[in-house]
$ cat protein-v8.txt   # compact mmCIF, C-alpha atoms and all ligand atoms
# COMPACT_ATOMS: atom_id res chain seq x y z
CA MET A 1 112.31 133.47 133.21
CA ALA A 2 112.16 130.09 131.49
CA GLU A 3 114.64 128.34 133.77
CA ARG A 4 112.85 129.59 136.89
CA ASP A 5 109.58 128.31 135.39
CA ALA A 6 111.13 124.90 134.92
CA ALA A 7 112.49 124.84 138.45
CA SER A 8 109.26 125.88 140.11
CA ARG A 9 107.00 123.52 138.18
CA HIS A 10 108.60 120.32 139.38
CA LEU A 11 110.28 119.19 142.58
CA PRO A 12 112.45 116.15 141.79
CA VAL A 13 111.21 113.02 143.57
CA LEU A 14 113.61 111.44 146.12
CA LEU A 15 116.43 113.62 144.77
CA GLN A 16 118.85 113.11 147.66
CA ARG A 17 118.32 109.35 147.63
CA CYS A 18 119.03 109.25 143.88
CA VAL A 19 122.22 111.28 144.33
CA ASP A 20 123.36 109.10 147.25
CA LEU A 21 122.78 105.91 145.27
CA LEU A 22 124.55 107.17 142.14
CA ALA A 23 127.45 109.05 143.77
CA PRO A 24 129.75 106.06 144.48
CA ALA A 25 129.73 105.20 140.76
CA LEU A 26 130.38 108.80 139.76
CA ALA A 27 133.37 109.43 142.01
CA GLU A 28 136.05 109.56 139.30
CA PRO A 29 136.68 112.81 137.40
CA GLY A 30 135.23 112.50 133.90
CA SER A 31 132.34 110.29 135.03
CA VAL A 32 129.23 110.48 132.84
CA MET A 33 125.61 109.96 133.84
CA ILE A 34 122.66 109.58 131.50
CA ASP A 35 119.48 111.17 132.74
CA ALA A 36 117.13 109.23 130.47
CA THR A 37 114.09 111.28 131.50
CA LEU A 38 115.44 114.81 131.71
CA GLY A 39 112.04 116.49 132.15
CA MET A 40 112.64 119.91 133.63
CA GLY A 41 116.13 118.94 134.68
CA GLY A 42 115.53 118.82 138.43
CA HIS A 43 117.41 115.57 139.06
CA THR A 44 120.16 116.54 136.64
CA GLU A 45 120.61 119.90 138.35
CA GLY A 46 120.88 118.11 141.71
CA VAL A 47 123.56 115.74 140.36
CA LEU A 48 125.54 118.50 138.63
CA GLU A 49 125.51 120.58 141.82
CA ALA A 50 126.38 117.74 144.21
CA LEU A 51 129.08 116.15 142.02
CA PRO A 52 131.04 118.98 140.34
CA HIS A 53 133.25 116.73 138.16
CA VAL A 54 130.35 114.80 136.60
CA ARG A 55 128.97 115.30 133.09
CA VAL A 56 125.30 114.54 132.31
CA VAL A 57 123.72 113.51 129.03
CA GLY A 58 120.05 114.45 129.35
CA ILE A 59 117.57 112.57 127.13
CA ASP A 60 113.92 113.46 126.62
CA ARG A 61 111.44 112.72 123.84
CA ASP A 62 109.65 116.02 124.54
CA PRO A 63 111.31 118.97 122.75
CA GLU A 64 109.65 121.47 125.09
CA ALA A 65 111.11 119.76 128.17
CA LEU A 66 114.55 119.84 126.51
CA ARG A 67 114.18 123.56 125.78
CA LEU A 68 113.21 124.44 129.34
CA ALA A 69 115.76 122.16 130.98
CA SER A 70 118.54 123.42 128.70
CA ALA A 71 117.81 127.01 129.73
CA ARG A 72 117.78 125.99 133.39
CA LEU A 73 121.06 124.08 133.10
CA ALA A 74 122.92 126.51 130.83
CA ARG A 75 125.10 127.60 133.74
CA PHE A 76 126.77 124.17 133.77
CA GLY A 77 128.18 124.73 130.28
CA ASP A 78 129.54 121.62 128.56
CA ARG A 79 128.93 119.48 131.64
CA PHE A 80 125.37 119.08 130.31
CA THR A 81 124.42 117.69 126.89
CA PRO A 82 120.71 117.62 125.92
CA VAL A 83 119.59 114.97 123.45
CA HIS A 84 116.21 114.59 121.76
CA ALA A 85 115.57 110.84 121.74
CA VAL A 86 113.37 108.07 123.08
CA TYR A 87 115.14 106.37 125.96
CA ASP A 88 115.38 102.97 124.28
CA GLU A 89 117.74 104.72 121.83
CA ILE A 90 120.46 104.97 124.52
CA PRO A 91 122.87 102.77 122.48
CA GLU A 92 122.60 105.11 119.47
CA VAL A 93 122.93 108.19 121.66
CA LEU A 94 126.16 106.86 123.19
CA GLU A 95 127.49 105.94 119.79
CA ARG A 96 126.85 109.41 118.43
CA LEU A 97 128.52 110.99 121.46
CA ASP A 98 131.43 108.56 121.13
CA LEU A 99 130.95 107.26 124.65
CA PRO A 100 131.87 103.59 125.14
CA GLY A 101 129.93 103.38 128.41
CA VAL A 102 128.65 105.44 131.32
CA GLN A 103 129.01 105.33 135.07
CA GLY A 104 125.38 106.16 135.93
CA VAL A 105 121.85 106.05 134.53
CA LEU A 106 118.79 107.68 136.06
CA MET A 107 115.21 107.10 134.90
CA ASP A 108 112.31 109.00 136.47
CA LEU A 109 109.41 107.54 134.52
CA GLY A 110 106.07 108.90 133.39
CA VAL A 111 104.82 112.36 132.53
CA SER A 112 106.18 115.58 133.95
CA SER A 113 104.26 118.33 135.72
CA LEU A 114 105.01 120.48 132.69
CA GLN A 115 103.18 118.04 130.42
CA LEU A 116 100.26 117.70 132.83
CA ASP A 117 100.00 121.45 133.33
CA GLU A 118 100.10 122.40 129.66
CA ALA A 119 96.42 122.49 128.84
CA GLY A 120 96.88 122.08 125.09
CA ARG A 121 98.53 118.65 125.30
CA GLY A 122 95.56 116.63 126.47
CA PHE A 123 97.22 114.69 129.31
CA ALA A 124 94.94 116.05 132.04
CA TYR A 125 91.32 114.93 132.39
CA ALA A 126 90.59 118.10 134.39
CA GLN A 127 91.31 120.44 131.46
CA ASP A 128 89.50 120.48 128.14
CA ALA A 129 92.02 120.13 125.29
CA PRO A 130 92.55 118.34 121.97
CA LEU A 131 93.01 114.57 122.45
CA ASP A 132 96.76 114.50 121.78
CA MET A 133 98.79 112.97 124.71
CA ARG A 134 102.01 112.55 122.72
CA MET A 135 105.11 113.23 124.80
CA ASP A 136 106.80 114.12 121.54
CA PRO A 137 104.26 116.22 119.65
CA THR A 138 106.43 116.12 116.51
CA ARG A 139 105.76 112.45 115.72
CA GLY A 140 103.50 109.47 116.29
CA ARG A 141 99.76 108.98 116.55
CA THR A 142 97.55 111.01 118.85
CA ALA A 143 95.01 109.83 121.42
CA ALA A 144 92.28 110.95 119.01
CA GLU A 145 93.68 108.62 116.33
CA VAL A 146 93.70 105.71 118.79
CA LEU A 147 90.15 106.43 119.96
CA ASN A 148 88.76 106.89 116.45
CA THR A 149 90.46 103.95 114.73
CA TYR A 150 90.94 101.04 117.17
CA ASP A 151 88.18 98.47 117.14
CA GLU A 152 86.09 98.00 120.25
CA ALA A 153 87.96 94.93 121.51
CA ASP A 154 91.34 96.66 121.18
CA LEU A 155 90.10 99.76 122.97
CA ALA A 156 88.77 97.60 125.80
CA ARG A 157 92.10 95.75 126.00
CA VAL A 158 94.07 99.00 126.26
CA LEU A 159 91.83 100.35 129.02
CA ARG A 160 91.88 97.07 130.92
CA GLU A 161 95.60 96.30 130.62
CA TYR A 162 97.11 99.76 130.95
CA GLY A 163 94.45 101.45 133.09
CA GLU A 164 93.35 98.41 135.12
CA GLU A 165 89.84 99.71 134.34
CA ARG A 166 87.11 97.32 135.52
CA PHE A 167 84.54 98.80 133.15
CA ALA A 168 86.81 98.78 130.09
CA GLY A 169 84.27 96.98 127.90
CA ARG A 170 81.43 99.38 128.74
CA ILE A 171 83.62 102.45 128.15
CA ALA A 172 84.92 101.06 124.85
CA ARG A 173 81.32 100.48 123.73
CA ARG A 174 80.42 104.12 124.53
CA ILE A 175 83.46 105.38 122.62
CA VAL A 176 82.57 103.36 119.52
CA GLN A 177 78.92 104.48 119.65
CA ALA A 178 79.93 108.14 120.02
CA ARG A 179 82.43 108.12 117.17
CA GLU A 180 79.84 106.67 114.78
CA LYS A 181 78.16 110.10 115.01
CA ALA A 182 81.33 112.24 114.89
CA PRO A 183 85.03 111.60 115.55
CA LEU A 184 86.17 112.32 119.10
CA GLU A 185 88.33 115.42 119.35
CA ARG A 186 88.36 116.82 122.89
CA THR A 187 89.33 115.46 126.31
CA SER A 188 86.02 116.71 127.74
CA GLU A 189 84.12 114.39 125.35
CA LEU A 190 86.16 111.44 126.60
CA VAL A 191 85.60 112.38 130.25
CA ASP A 192 81.83 112.43 129.60
CA LEU A 193 81.91 109.06 127.86
CA VAL A 194 83.86 107.45 130.70
CA ARG A 195 81.43 108.84 133.23
CA ALA A 196 78.50 107.50 131.22
CA GLY A 197 80.16 104.09 130.87
CA ILE A 198 80.70 103.56 134.58
CA PRO A 199 77.77 102.46 136.77
CA ALA A 200 76.59 105.23 139.12
CA ALA A 201 77.49 103.25 142.28
CA ALA A 202 81.10 102.78 141.11
CA ARG A 203 81.44 106.48 140.29
CA GLN A 204 81.28 107.44 143.96
CA THR A 205 84.67 105.95 144.85
CA GLY A 206 88.27 106.08 143.67
CA GLY A 207 88.64 109.71 142.55
CA ASN A 208 87.88 110.94 139.04
CA PRO A 209 86.68 107.94 137.01
CA ALA A 210 88.52 109.24 133.91
CA LYS A 211 91.94 108.91 135.58
CA ARG A 212 92.44 105.25 134.63
CA THR A 213 91.29 105.75 131.04
CA PHE A 214 93.62 108.72 130.56
CA GLN A 215 96.56 106.77 131.98
CA ALA A 216 95.79 103.83 129.68
CA LEU A 217 95.57 106.00 126.57
CA ARG A 218 98.77 107.85 127.42
CA ILE A 219 100.62 104.54 127.78
CA GLU A 220 99.23 103.33 124.43
CA VAL A 221 99.88 106.59 122.55
CA ASN A 222 103.51 106.70 123.69
CA ASP A 223 104.01 102.92 123.59
CA GLU A 224 105.42 103.35 127.09
CA LEU A 225 105.65 99.75 128.29
CA ALA A 226 107.22 98.28 125.15
CA VAL A 227 109.75 101.12 125.09
CA LEU A 228 110.56 100.64 128.78
CA ALA A 229 110.95 96.87 128.35
CA ARG A 230 113.66 97.54 125.75
CA ALA A 231 115.13 100.53 127.55
CA VAL A 232 115.99 99.06 130.96
CA PRO A 233 118.22 96.27 129.58
CA ALA A 234 119.73 98.78 127.12
CA ALA A 235 120.45 101.17 129.99
CA VAL A 236 122.08 98.37 132.01
CA GLU A 237 124.18 97.46 128.96
CA ALA A 238 125.38 101.07 128.78
CA LEU A 239 126.90 100.82 132.29
CA VAL A 240 130.59 100.15 132.77
CA VAL A 241 131.53 97.69 135.53
CA GLY A 242 130.85 99.50 138.82
CA GLY A 243 128.25 101.71 137.13
CA ARG A 244 124.87 102.22 138.77
CA ILE A 245 121.29 102.61 137.61
CA VAL A 246 118.36 104.12 139.52
CA VAL A 247 114.78 103.87 138.25
CA GLU A 248 111.73 105.61 139.73
CA SER A 249 108.35 104.19 138.60
CA TYR A 250 104.89 105.51 139.39
CA GLN A 251 102.64 102.61 138.47
CA SER A 252 102.77 98.88 138.99
CA LEU A 253 103.12 97.86 135.32
CA GLU A 254 106.31 99.91 134.99
CA ASP A 255 107.71 98.79 138.33
CA ARG A 256 107.14 95.15 137.43
CA LEU A 257 109.19 95.54 134.24
CA VAL A 258 112.04 97.20 136.12
CA LYS A 259 111.95 94.57 138.86
CA ARG A 260 112.13 91.74 136.32
CA ALA A 261 114.95 93.32 134.32
CA PHE A 262 117.06 93.87 137.44
CA ALA A 263 116.26 90.41 138.83
CA ALA A 264 117.39 88.79 135.55
CA GLY A 265 120.83 90.33 136.07
CA ALA A 266 121.04 89.63 139.79
CA GLU A 267 120.35 85.91 139.54
CA ILE A 268 122.65 83.01 138.83
CA SER A 269 121.78 81.99 135.28
CA ALA A 270 123.19 78.45 135.51
CA PRO A 271 120.92 75.43 136.02
CA PRO A 272 120.48 74.72 139.76
CA GLY A 273 122.70 72.11 141.40
CA LEU A 274 126.06 72.90 139.78
CA PRO A 275 128.85 72.53 142.41
CA VAL A 276 130.57 75.70 141.15
CA VAL A 277 128.82 78.53 139.29
CA PRO A 278 130.80 79.31 136.13
CA GLU A 279 131.81 82.97 135.76
CA THR A 280 129.67 83.15 132.61
CA HIS A 281 126.57 82.40 134.70
CA ALA A 282 127.33 84.51 137.77
CA PRO A 283 125.06 87.52 138.47
CA PHE A 284 126.15 90.65 136.64
CA LEU A 285 124.04 93.01 138.72
CA ARG A 286 123.84 93.66 142.46
CA LEU A 287 120.56 95.04 143.76
CA LEU A 288 121.11 98.21 145.81
CA THR A 289 117.56 98.44 147.18
CA ARG A 290 115.60 95.87 149.16
CA GLY A 291 112.53 95.52 147.03
CA ALA A 292 111.22 98.90 145.91
CA GLU A 293 111.76 101.92 148.11
CA GLU A 294 108.87 104.30 148.73
CA ALA A 295 108.77 107.93 149.83
CA ASP A 296 108.89 108.56 153.57
CA ALA A 297 106.59 110.98 155.41
CA ALA A 298 108.97 113.93 155.01
CA GLU A 299 109.25 113.43 151.25
CA LEU A 300 105.47 113.02 150.95
CA ALA A 301 104.89 116.27 152.82
CA ARG A 302 107.37 118.10 150.59
CA ASN A 303 106.35 116.58 147.29
CA PRO A 304 102.91 115.05 146.64
CA ARG A 305 104.19 113.54 143.33
CA SER A 306 106.22 111.11 145.42
CA GLN A 307 103.01 109.42 146.63
CA SER A 308 103.21 106.43 144.30
CA VAL A 309 106.96 106.30 143.62
CA ARG A 310 108.78 102.95 143.65
CA LEU A 311 112.54 103.32 143.47
CA ARG A 312 114.86 100.47 142.49
CA ALA A 313 118.62 100.61 141.97
CA ALA A 314 121.35 98.22 140.85
CA GLU A 315 125.12 98.14 140.26
CA ARG A 316 126.95 96.37 137.45
CA LEU A 317 129.32 93.71 138.83
CA ARG A 318 130.72 92.35 135.57
CA PRO A 319 130.03 92.41 131.83
CA THR A 320 126.76 90.82 130.80
CA PRO A 321 127.35 87.20 129.78
CA GLU A 322 126.90 86.64 126.05
CA HIS A 323 123.79 84.48 126.51
CA LEU A 324 121.99 87.21 128.49
CA ARG A 325 122.73 90.20 126.28
CA PRO A 326 119.59 92.11 125.21
CA GLY A 327 118.30 91.00 121.84
CA ARG A 328 119.33 87.37 122.26
CA GLY A 329 116.46 85.01 121.69
CA ASP A 330 117.40 83.05 124.80
CA ALA A 331 118.08 86.09 127.04
CA GLY A 332 116.81 85.36 130.51
CA SER A 333 116.92 81.60 129.99
CA THR A 334 119.21 79.33 131.92
CA GLY A 335 120.65 77.65 128.85
CA GLY A 336 124.32 77.43 128.01
CA PRO A 337 126.37 80.20 126.43
CA GLY A 338 125.46 80.92 122.82
CA GLY A 339 127.73 81.70 119.88
CA ARG A 340 129.70 84.93 119.60
CA ARG A 341 127.82 87.99 118.44
CA PRO A 342 128.71 91.66 118.33
CA ASP A 343 128.32 93.75 121.48
CA ARG A 344 124.69 94.97 121.39
CA THR A 345 125.64 98.18 123.17
CA ARG A 346 127.51 99.29 120.11
CA ALA A 347 125.44 97.57 117.43
CA PRO A 348 123.60 100.03 115.15
CA ARG A 349 119.81 99.69 115.18
CA ALA A 350 117.05 101.15 113.05
CA PRO A 351 116.36 104.68 114.32
CA ARG A 352 112.86 105.35 115.62
CA SER A 353 112.64 108.60 113.66
CA PRO A 354 113.98 109.48 110.24
CA ASN A 355 116.62 111.63 111.96
CA GLY A 356 117.52 109.26 114.80
CA PRO A 357 118.42 110.80 118.16
CA ARG A 358 119.13 114.49 117.85
CA ARG A 359 121.65 116.30 119.94
CA THR A 360 120.04 119.64 120.59
CA ALA A 361 123.06 121.58 121.73
C1 LIG B 1 108.71 112.57 135.47
S1 LIG B 1 109.43 113.48 134.20
C2 LIG B 1 111.12 113.67 134.69
C3 LIG B 1 111.34 114.81 135.61
C4 LIG B 1 112.79 115.07 135.91
N1 LIG B 1 113.40 113.96 136.62
C5 LIG B 1 112.97 116.36 136.67
O1 LIG B 1 113.50 116.32 137.79
O2 LIG B 1 112.61 117.41 136.18
C6 LIG B 1 109.57 112.32 132.91
C7 LIG B 1 110.14 112.88 131.62
O3 LIG B 1 110.53 111.77 130.85
C8 LIG B 1 110.18 111.97 129.52
N2 LIG B 1 109.97 110.65 128.94
C9 LIG B 1 108.99 109.76 129.24
N3 LIG B 1 109.13 108.66 128.51
C10 LIG B 1 110.24 108.85 127.73
C11 LIG B 1 110.89 108.04 126.77
N4 LIG B 1 110.45 106.84 126.44
N5 LIG B 1 112.01 108.54 126.19
C12 LIG B 1 112.47 109.78 126.52
N6 LIG B 1 111.88 110.58 127.41
C13 LIG B 1 110.78 110.12 128.02
C14 LIG B 1 108.91 112.78 129.56
O4 LIG B 1 108.77 113.51 128.34
C15 LIG B 1 109.15 113.67 130.78
O5 LIG B 1 109.70 114.90 130.40
$ encode --input "protein-v8.txt" --output "structure tokens"
Amino acid sequence: MAERDAASRHLPVLLQRCVDLLAPALAEPGSVMIDATLGMGGHTEGVLEALPHVRVVGIDRDPEALRLASARLARFGDRFTPVHAVYDEIPEVLERLDLPGVQGVLMDLGVSSLQLDEAGRGFAYAQDAPLDMRMDPTRGRTAAEVLNTYDEADLARVLREYGEERFAGRIARRIVQAREKAPLERTSELVDLVRAGIPAAARQTGGNPAKRTFQALRIEVNDELAVLARAVPAAVEALVVGGRIVVESYQSLEDRLVKRAFAAGAEISAPPGLPVVPETHAPFLRLLTRGAEEADAAELARNPRSQSVRLRAAERLRPTPEHLRPGRGDAGSTGGPGGRRPDRTRAPRAPRSPNGPRRTA
């Protein structure tokens, strides 16, 4: 059964902690939470079960994840709304659903076990497959296109920045040499090239040497960091006062973006030394976690995916001051308030696909 498949393939990471952090914001009947990374619906199922008056809008860019999660969550009827979108499209999704704001947002970043397990999608270095790696296989460029078209310097940059790969230059050189003979098509070819590009002594340590290259390519193919950098402020903007956001990251580049976005809202944005902080420069977020929380021993034993999780959460204290709204040139600066501009949460933006976010049910 499809919904059983979905349930058994993925154990939601730190589920109880996420529910505990979000619950105070979702206490009122009619409260709405956005699960921006629906995946197989594990976290959403936990929220819908624990908080019977809450409605969840579940976003995913992967149509297959939406299909499986929707089957799994069908028993909740209209308390669950699946939406095919990229999570930086939250403002458009809310507009289409006629929701002025939400009480909770959950983001559980990265790939799902479903995506890793599906051999044909090319996410896993351990399985031979076409070099695809798109979370949404209906649009965008594939890993093969990146590998066969980027110049050597760009390939090296991607591997170094997104994979923290020490031998990025050597691997990029191997890729370019190989594609001069024939375009790269399969993950197994890439695994062999990485192995050949890494000195023998360095191959002995740190697990499969292809892991970092695959992570880097996946981030590039799906434009993950740029999307996340837009999405976290957009998700915060979607929160009503008292609303809460929880983000689970699995690698340091993502966690750093989340940390910075939350910190920007939790700081006083006035120049230091003012005797009284004006309301317009007071923090609009309160951090709910001390630094990033990690999985404890019990969670690690239950769920190996929780190994690298970093969880951060925040609560909206007041509307975002005009000068710090996402999209403002001076957002994050300590300058004075700017001129009036329309509320970004509601402002229409160019859709990322010709169809814009699609409600799938
Ligand atoms: C780790 S899984 C989420 C698992 C989920 N919390 C559960 O319990 O089943 C991450 C999901 O987020 C989706 N995703 C990743 N980046 C996305 C983005 N920018 N926009 C929308 N969905 C995204 C992936 O397709 C994947 O299904």
$ closest_residue --input "protein-v8.txt" --among "A:Asp296, A:Ile59, A:Asp192, A:Ala313" --to "Glu92 of chain A" --atoms "all atoms listed in the file"
A:Ile59
$ residues_near_ligand --input "protein-v8.txt" --ligand "ligand LIG 1 (chain B)" --cutoff "6 Å" --atoms "only C-alpha atoms and all ligand atoms" --output "short mmCIF file (atom, residue, chain, number, x, y, z; two decimals) with C-alpha atoms, in the frame of the given file"
data_model
loop_
_atom_site.label_atom_id
_atom_site.label_comp_id
_atom_site.auth_asym_id
_atom_site.auth_seq_id
_atom_site.Cartn_x
_atom_site.Cartn_y
_atom_site.Cartn_z
CA HIS A 10 108.60 120.32 139.38
CA PRO A 12 112.45 116.15 141.79
CA THR A 37 114.09 111.28 131.50
CA LEU A 38 115.44 114.81 131.71
CA GLY A 39 112.04 116.49 132.15
CA MET A 40 112.64 119.91 133.63
CA GLY A 41 116.13 118.94 134.68
CA GLY A 42 115.53 118.82 138.43
CA HIS A 43 117.41 115.57 139.06
CA ILE A 59 117.57 112.57 127.13
CA ASP A 60 113.92 113.46 126.62
CA ARG A 61 111.44 112.72 123.84
CA ASP A 62 109.65 116.02 124.54
CA ALA A 65 111.11 119.76 128.17
CA ALA A 85 115.57 110.84 121.74
CA VAL A 86 113.37 108.07 123.08
CA TYR A 87 115.14 106.37 125.96
CA ASP A 108 112.31 109.00 136.47
CA LEU A 109 109.41 107.54 134.52
CA GLY A 110 106.07 108.90 133.39
CA VAL A 111 104.82 112.36 132.53
CA SER A 112 106.18 115.58 133.95
CA MET A 135 105.11 113.23 124.80
CA VAL A 227 109.75 101.12 125.09
#
$ closest_residue --input "protein-v8.txt" --among "A:Val146, A:Ala235, A:Ala270, A:Val246" --to "Arg17 of chain A" --atoms "all atoms listed in the file"
A:Val246
$ atom_distance --input "protein-v8.txt" --atom1 "atom CA of Ala144 of chain A" --atom2 "atom CA of Ala178 of chain A"
12.7 Å
$ closest_residue --input "protein-v8.txt" --among "A:Thr187, A:Val57, A:Glu145, A:Leu288" --to "Ala119 of chain A" --atoms "only C-alpha atoms"
A:Thr187
$ closest_residue --input "protein-v8.txt" --among "A:Ile268, A:Ile175, A:Leu14, A:Leu190" --to "Ser249 of chain A" --atoms "only C-alpha atoms"
A:Leu14
$ closest_residue --input "protein-v8.txt" --among "A:Glu95, A:Thr205, A:Pro100, A:Arg170" --to "Ser31 of chain A" --atoms "all atoms listed in the file"
A:Pro100
$ closest_residue --input "protein-v8.txt" --among "A:Pro24, A:Gly291, A:Pro137, A:Gly243" --to "Gln115 of chain A" --atoms "only C-alpha atoms"
A:Pro137
$ residues_around --input "protein-v8.txt" --residues "Thr280 of chain A" --least-positions-apart "3" --cutoff "10 Å" --atoms "only C-alpha atoms" --output "ChimeraX atom specification"
/A:268-270,277,283-284,318-324,336-337
$ residues_around --input "protein-v8.txt" --residues "Glu161 of chain A" --least-positions-apart "3" --cutoff "12 Å" --atoms "all atoms listed in the file" --output "ChimeraX atom specification"
/A:153-158,164-169,212-213,215-217,219-220,225,252-253
$ atom_distance --input "protein-v8.txt" --atom1 "atom CA of Gly120 of chain A" --atom2 "atom CA of Met133 of chain A"
9.3 Å
$ atom_distance --input "protein-v8.txt" --atom1 "atom CA of Thr138 of chain A" --atom2 "atom CA of Glu89 of chain A"
16.9 Å
$ residues_around --input "protein-v8.txt" --residues "Asp117 of chain A" --least-positions-apart "3" --cutoff "12 Å" --atoms "all atoms listed in the file" --output "ChimeraX atom specification"
/A:5-6,9-10,111-114,120-129
$ residues_around --input "protein-v8.txt" --residues "Pro233 of chain A" --least-positions-apart "3" --cutoff "8 Å" --atoms "all atoms listed in the file" --output "list in words"
Ala229, Arg230, Val236, Glu237, Ala261 and Pro326 of chain A
